[in-house]
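Undergrad: Next comes the structure file protein.cif, holding mmCIF, C-alpha atoms.
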data_query
loop_
_atom_site.label_atom_id
_atom_site.label_comp_id
_atom_site.auth_asym_id
_atom_site.auth_seq_id
_atom_site.Cartn_x
_atom_site.Cartn_y
_atom_site.Cartn_z
CA MET A 109 25.64 -4.46 -6.27
CA THR A 110 24.05 -1.35 -7.71
CA GLU A 111 22.05 1.17 -5.70
CA SER A 112 18.82 0.02 -7.36
CA GLU A 113 19.59 -3.60 -6.54
CA SER A 114 20.24 -2.76 -2.90
CA ALA A 115 16.85 -1.07 -2.69
CA GLY A 116 15.05 -4.06 -4.17
CA GLN A 117 14.08 -2.21 -7.32
CA VAL A 118 13.89 -3.43 -10.91
CA PRO A 119 15.22 -1.60 -13.99
CA SER A 120 12.95 0.85 -15.79
CA PRO A 121 11.10 -0.57 -18.80
CA SER A 122 13.09 -0.59 -22.01
CA ALA A 123 11.95 0.87 -25.31
CA ASP A 124 10.96 -2.64 -26.39
CA ASP A 125 8.37 -2.72 -23.57
CA ALA A 126 6.58 0.50 -24.59
CA HIS A 127 3.60 -1.41 -26.00
CA LEU A 128 3.00 -3.00 -22.58
CA VAL A 129 3.61 -0.16 -20.13
CA GLU A 130 0.85 1.67 -18.22
CA HIS A 131 1.37 5.28 -17.10
CA ARG A 132 -0.03 6.56 -13.82
CA LEU A 133 -2.19 9.66 -14.12
CA SER A 134 -3.33 10.10 -10.52
CA ARG A 135 -3.41 8.34 -7.14
CA GLU A 136 -6.11 8.18 -4.46
CA ALA A 137 -5.37 6.97 -0.92
CA LEU A 138 -7.97 4.44 0.24
CA LEU A 139 -6.51 3.21 3.54
CA GLN A 140 -3.53 4.10 5.73
CA GLY A 141 -2.64 1.27 8.09
CA ARG A 142 0.13 0.90 10.64
CA PHE A 143 2.68 0.16 7.91
CA LEU A 144 0.63 -0.71 4.80
CA GLN A 145 -1.23 1.72 2.56
CA VAL A 146 -3.93 0.90 0.01
CA VAL A 147 -4.22 3.18 -3.02
CA ARG A 148 -6.18 3.40 -6.25
CA ASP A 149 -4.23 4.57 -9.30
CA THR A 150 -5.77 5.87 -12.49
CA VAL A 151 -3.57 4.74 -15.38
CA ARG A 152 -3.35 5.25 -19.11
CA LEU A 153 -3.22 1.91 -20.90
CA PRO A 154 -0.95 1.25 -23.89
CA ASP A 155 -3.92 1.75 -26.25
CA GLY A 156 -4.68 5.19 -24.78
CA ARG A 157 -7.71 4.23 -22.70
CA GLU A 158 -7.86 4.79 -18.93
CA SER A 159 -8.36 2.25 -16.16
CA THR A 160 -7.82 1.90 -12.41
CA ARG A 161 -5.44 -0.26 -10.37
CA GLU A 162 -5.90 -0.88 -6.65
CA MET A 163 -2.79 -1.96 -4.79
CA VAL A 164 -1.03 -2.23 -1.46
CA LEU A 165 2.10 -0.13 -0.90
CA HIS A 166 4.72 -1.95 1.16
CA PRO A 167 8.06 -0.68 2.55
CA GLY A 168 9.93 -3.79 1.43
CA ALA A 169 11.39 -6.69 3.39
CA VAL A 170 14.38 -8.97 3.77
CA MET A 171 14.53 -12.77 4.08
CA VAL A 172 17.58 -14.59 5.46
CA VAL A 173 18.60 -18.16 4.61
CA PRO A 174 20.89 -19.15 7.53
CA LEU A 175 23.20 -22.10 6.81
CA VAL A 176 24.62 -24.42 9.46
CA GLU A 177 27.47 -26.83 8.62
CA THR A 178 27.10 -30.19 10.36
CA PRO A 179 29.09 -33.45 10.06
CA SER A 180 26.28 -34.88 7.93
CA GLY A 181 25.90 -31.87 5.65
CA VAL A 182 24.32 -28.43 5.42
CA GLU A 183 21.26 -27.58 7.48
CA VAL A 184 19.11 -24.45 7.45
CA VAL A 185 17.59 -22.43 10.28
CA LEU A 186 13.81 -22.21 9.95
CA GLU A 187 10.86 -20.84 11.89
CA ARG A 188 7.35 -21.97 12.69
CA GLN A 189 4.99 -19.01 13.01
CA TYR A 190 1.21 -18.55 13.02
CA ARG A 191 0.05 -16.36 10.14
CA HIS A 192 -3.36 -14.85 10.72
CA PRO A 193 -4.37 -14.21 7.06
CA VAL A 194 -4.17 -17.94 6.24
CA GLY A 195 -5.09 -19.17 9.72
CA ARG A 196 -2.26 -21.68 10.13
CA VAL A 197 1.27 -22.17 11.40
CA MET A 198 3.76 -21.79 8.55
CA VAL A 199 7.32 -23.04 8.11
CA GLU A 200 9.45 -20.25 6.72
CA PHE A 201 12.84 -18.58 6.70
CA PRO A 202 13.49 -15.60 9.02
CA ALA A 203 12.21 -12.39 7.46
CA GLY A 204 10.94 -8.94 8.29
CA LYS A 205 10.10 -5.55 6.87
CA LEU A 206 12.50 -2.66 6.43
CA ASP A 207 12.36 0.13 8.97
CA ALA A 208 12.37 3.71 7.67
CA GLY A 209 15.86 4.66 6.49
CA GLU A 210 17.26 1.17 7.15
CA SER A 211 19.58 -0.54 4.65
CA VAL A 212 18.63 -4.00 3.46
CA PHE A 213 21.79 -5.52 4.96
CA ALA A 214 21.17 -3.90 8.35
CA CYS A 215 17.63 -5.25 8.21
CA ALA A 216 18.91 -8.75 7.40
CA GLN A 217 21.29 -8.68 10.36
CA ARG A 218 18.62 -7.33 12.68
CA GLU A 219 15.91 -9.80 11.71
CA LEU A 220 18.26 -12.79 11.96
CA ARG A 221 19.43 -11.73 15.41
CA GLU A 222 16.00 -10.74 16.77
CA GLU A 223 14.09 -13.79 15.52
CA THR A 224 16.68 -16.57 15.88
CA GLY A 225 19.41 -15.22 18.17
CA TYR A 226 22.05 -15.89 15.52
CA ALA A 227 24.65 -13.49 14.17
CA ALA A 228 26.54 -14.41 10.99
CA ARG A 229 30.17 -13.77 10.10
CA GLN A 230 29.62 -14.12 6.35
CA TRP A 231 26.80 -12.96 4.10
CA ALA A 232 25.83 -13.14 0.43
CA ARG A 233 23.03 -11.40 -1.42
CA ALA A 234 21.16 -13.80 -3.69
CA GLY A 235 18.69 -11.40 -5.31
CA VAL A 236 15.21 -9.99 -4.96
CA LEU A 237 11.71 -11.38 -5.37
CA HIS A 238 8.35 -9.69 -5.88
CA PRO A 239 5.86 -12.00 -4.14
CA VAL A 240 2.50 -10.45 -5.06
CA ILE A 241 2.93 -8.47 -8.29
CA GLY A 242 -0.80 -8.42 -9.02
CA TYR A 243 -1.71 -6.18 -6.08
CA SER A 244 1.39 -4.89 -4.26
CA ASP A 245 4.76 -3.25 -4.87
CA GLU A 246 6.32 -5.38 -2.11
CA PHE A 247 9.86 -6.66 -2.70
CA ILE A 248 11.86 -9.10 -0.57
CA GLU A 249 15.65 -9.11 -0.65
CA ILE A 250 17.13 -12.62 -0.34
CA TRP A 251 20.29 -12.93 1.75
CA PHE A 252 22.24 -16.05 2.72
CA ALA A 253 24.18 -16.21 6.00
CA ARG A 254 26.79 -18.65 7.30
CA GLU A 255 29.35 -19.08 10.10
CA LEU A 256 26.60 -18.49 12.63
CA VAL A 257 27.15 -17.58 16.27
CA LEU A 258 24.23 -18.15 18.62
CA GLY A 259 23.14 -15.47 21.07
CA GLU A 260 19.89 -14.28 22.62
CA ARG A 261 16.69 -13.67 20.69
CA ALA A 262 14.88 -10.34 20.99
CA LEU A 263 11.39 -10.89 19.63
CA ASP A 264 9.04 -7.96 19.13
CA ALA A 265 6.12 -7.57 21.53
CA GLY A 266 3.34 -9.87 20.38
CA GLU A 267 5.68 -11.99 18.23
CA PHE A 268 5.66 -15.75 18.86
CA LEU A 269 7.66 -18.27 16.85
CA ASP A 270 9.67 -21.47 17.16
CA VAL A 271 13.19 -21.77 15.71
CA PHE A 272 14.62 -25.08 14.51
CA THR A 273 17.12 -26.52 12.03
CA ALA A 274 16.52 -29.02 9.25
CA PRO A 275 18.65 -30.69 6.57
CA VAL A 276 18.36 -29.12 3.15
CA ALA A 277 16.98 -32.35 1.69
CA GLU A 278 14.22 -32.39 4.29
CA LEU A 279 13.21 -28.80 3.55
CA LEU A 280 13.09 -29.58 -0.18
CA ALA A 281 10.87 -32.59 0.54
CA TRP A 282 8.48 -30.37 2.51
CA CYS A 283 8.35 -27.97 -0.44
CA ARG A 284 7.54 -30.84 -2.78
CA ASP A 285 4.80 -32.42 -0.67
CA GLY A 286 3.06 -29.17 0.29
CA ARG A 287 4.05 -28.83 3.92
CA VAL A 288 5.89 -25.61 2.98
CA THR A 289 3.67 -23.25 0.99
CA ASP A 290 5.11 -19.84 1.93
CA GLY A 291 6.06 -18.17 -1.36
CA LYS A 292 9.28 -16.53 -0.23
CA THR A 293 10.52 -19.77 1.35
CA LEU A 294 9.73 -21.72 -1.82
CA SER A 295 11.71 -19.16 -3.84
CA ALA A 296 14.65 -19.38 -1.44
CA ALA A 297 14.51 -23.18 -1.58
CA LEU A 298 15.02 -23.02 -5.36
CA PHE A 299 18.13 -20.91 -4.89
CA LEU A 300 19.29 -23.13 -2.03
CA GLN A 301 18.96 -26.26 -4.14
CA ASN A 302 21.07 -24.74 -6.90
CA LEU A 303 23.61 -23.38 -4.41
CA VAL A 304 24.14 -26.81 -2.87
CA SER A 305 24.50 -28.40 -6.32
CA GLY A 306 27.08 -25.79 -7.33
CA ALA A 307 24.96 -24.40 -10.18
CA TRP A 308 24.34 -20.99 -8.57
CA PRO A 309 27.42 -19.87 -6.57
CA LEU A 310 27.28 -16.89 -4.23
CA ASP A 311 29.70 -14.03 -3.60
CA TRP A 312 30.33 -14.40 0.14
CA GLN A 313 31.61 -11.39 2.07
CA ASP A 314 32.55 -10.77 5.69
CA ALA A 315 29.88 -8.91 7.67
CA ASP A 316 32.38 -6.15 8.54
CA ARG A 317 32.85 -5.32 4.86
CA LEU A 318 29.13 -5.01 4.24
CA SER A 319 28.24 -2.91 7.29
#
Take the structure in this file and express it as structure tokens.

TA:
Amino acid sequence: MTESESAGQVPSPSADDAHLVEHRLSREALLQGRFLQVVRDTVRLPDGRESTREMVLHPGAVMVVPLVETPSGVEVVLERQYRHPVGRVMVEFPAGKLDAGESVFACAQRELREETGYAARQWARAGVLHPVIGYSDEFIEIWFARELVLGERALDAGEFLDVFTAPVAELLAWCRDGRVTDGKTLSAALFLQNLVSGAWPLDWQDADRLS
């Protein structure tokens, strides 16, 4: 894993992309929230004209796909949590934003433990997704975890969620019929489906080696 991969970043544009790339000329802060910032950039377009882009700056996040081996097959640990922007309870994988100076792996361990109570002996990084590329620089690192050991949850103040397990086939059915609409969980389900089929193997490592 390269340093840029571990920070959830993407490679710089290549020379072949020069006819598509916009260059930032200036930035104006519009709103500073508790952890989000809204800015307006003035950019030079590929044809030389100028335009503006309003976007949300985000510190980045991590999502964990916890796997549980059962006699009948692999199950996943999921959460049910109310999400105010859409006004409904969503089914999703454990996830949370990076704290200042925190590594993505430390964040993955922390969020899994705090939200579900589980610690994992083995981990594998699957990749990174950019969920809202039209208006935010947010990235979400995707990590898989297995050999889980259950402990105590430590939810943040004001955080309320249910934790449950479900067979992989059941989760995929919920994605198909629209009961799961969370973008990051849908992305993880694609990787999970290919992992189970053997098409997309992972490089599993002991937690001690990654810390």

Undergrad: Could you give me, as a ChimeraX atom specification, the residues within 10 Å of Leu237 (chain A), counting all atoms listed in the file and dropping anything in the same chain fewer than 6 positions from it?

TA: /A:116-118,169-171,246-250,291-292,295-296

Undergrad: Any chance you could resolve the PyMOL selection byres ((chain A and resi 310) around 8) against this file and give the residues as a list of chain:residue names?

TA: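 For this structure, the PyMOL selection byres ((chain A and resi 310) around 8) captures A:Ala232, A:Arg233, A:Ala234, A:Leu303, A:Trp308, A:Pro309, A:Asp311, A:Trp312.
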
Undergrad: If you keep C-alpha atoms, can you produce a file of those selected residues as a CSV table (one decimal), in the coordinates of the input?

TA:
chain,number,residue,atom,x,y,z
A,232,ALA,CA,25.8,-13.1,0.4
A,233,ARG,CA,23.0,-11.4,-1.4
A,234,ALA,CA,21.2,-13.8,-3.7
A,303,LEU,CA,23.6,-23.4,-4.4
A,308,TRP,CA,24.3,-21.0,-8.6
A,309,PRO,CA,27.4,-19.9,-6.6
A,311,ASP,CA,29.7,-14.0,-3.6
A,312,TRP,CA,30.3,-14.4,0.1

Undergrad: Using all atoms listed in the file, which residues sit within 12 Å of Tyr190 (chain A) once same-chain residues fewer than 3 positions away are excluded, as a PyMOL selection string?

TA: chain A and resi 187+193-200+266-270+290

Undergrad: So what do you get for CA of His127 (chain A) versus CA of Asp155 (chain A), distance-wise?

TA: 8.2 Å

Undergrad: Taking all atoms listed in the file into account, name the residue in A:Thr273, A:Ser319, A:Ser134, A:Gln140 that is nearest to Arg161 (chain A).

TA: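 Residue with the minimum atom-to-atom distance to Arg161 (chain A): A:Ser134.
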
Undergrad: Residues picked by the PyMOL selection byres ((chain A and resi 275) around 12) here, as a list in words?

TA: Pro174, Leu175, Val176, Glu177, Thr178, Pro179, Ser180, Gly181, Val182, Glu183, Val184, Val185, Leu186, Phe272, Thr273, Ala274, Val276, Ala277, Glu278, Leu279, Leu280, Ala281, Trp282, Ala297, Leu300, Gln301 and Val304 of chain A

Undergrad: Could you state the separation of CA of Ala265 (chain A) and CA of Pro167 (chain A) in Å, given to one decimal place?

TA: 20.3 Å

Undergrad: When distances are computed from only C-alpha atoms, which of A:Arg261, A:Lys205, A:Arg157, A:Arg135 shows the smallest separation from Arg221 (chain A)?

TA: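 Of the candidates, the smallest distance to Arg221 (chain A) is held by A:Arg261.
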
Undergrad: Return the single residue from A:Cys215, A:Leu256, A:Leu133, A:Ala262 that is closest to Ser159 (chain A), with distances computed using all atoms listed in the file.

TA: A:Leu133

Undergrad: As an exercise, work out the distance from CA of Cys283 (chain A) to CA of Arg188 (chain A) in Å and give it to one decimal place.

TA: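 Interatomic distance here is 14.5 Å.
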
Undergrad: In file coordinates, which residues lie within 7 Å of (-4.8, 0.7, -8.2) using all atoms listed in the file, given as a ChimeraX atom specification?

TA: /A:147-150,160-163

Undergrad: With distances taken over all atoms listed in the file, which residue among A:Thr293, A:Glu222, A:Asp125, A:Ser244 lies nearest Glu260 (chain A)?

TA: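 Closest to Glu260 (chain A), using all atoms listed in the file: A:Glu222.
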
Undergrad: Box in all listed atoms of region 304-318 of chain A, axis-aligned, with 8 Å more on each side; write out centre and edge lengths in Å to one decimal as AutoDock Vina command-line options.

TA:
--center_x 28.5 --center_y -16.7 --center_z -0.8 --size_x 24.7 --size_y 39.4 --size_z 34.7

Undergrad: Could you name the residues that touch Leu318 (chain A) at 9 Å or less, counting all atoms listed in the file, but leaving out those on the same chain fewer than 3 positions away, as a list in words?

TA: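 Here the qualifying residues turn out to be Phe213, Trp231, Gln313, Asp314 and Ala315 of chain A.
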
Undergrad: A:His131, A:Gly156, A:His166, A:Asp285: which is nearest Asp207 (chain A), counting only C-alpha atoms?

TA: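 Nearest to Asp207 (chain A): A:His166.
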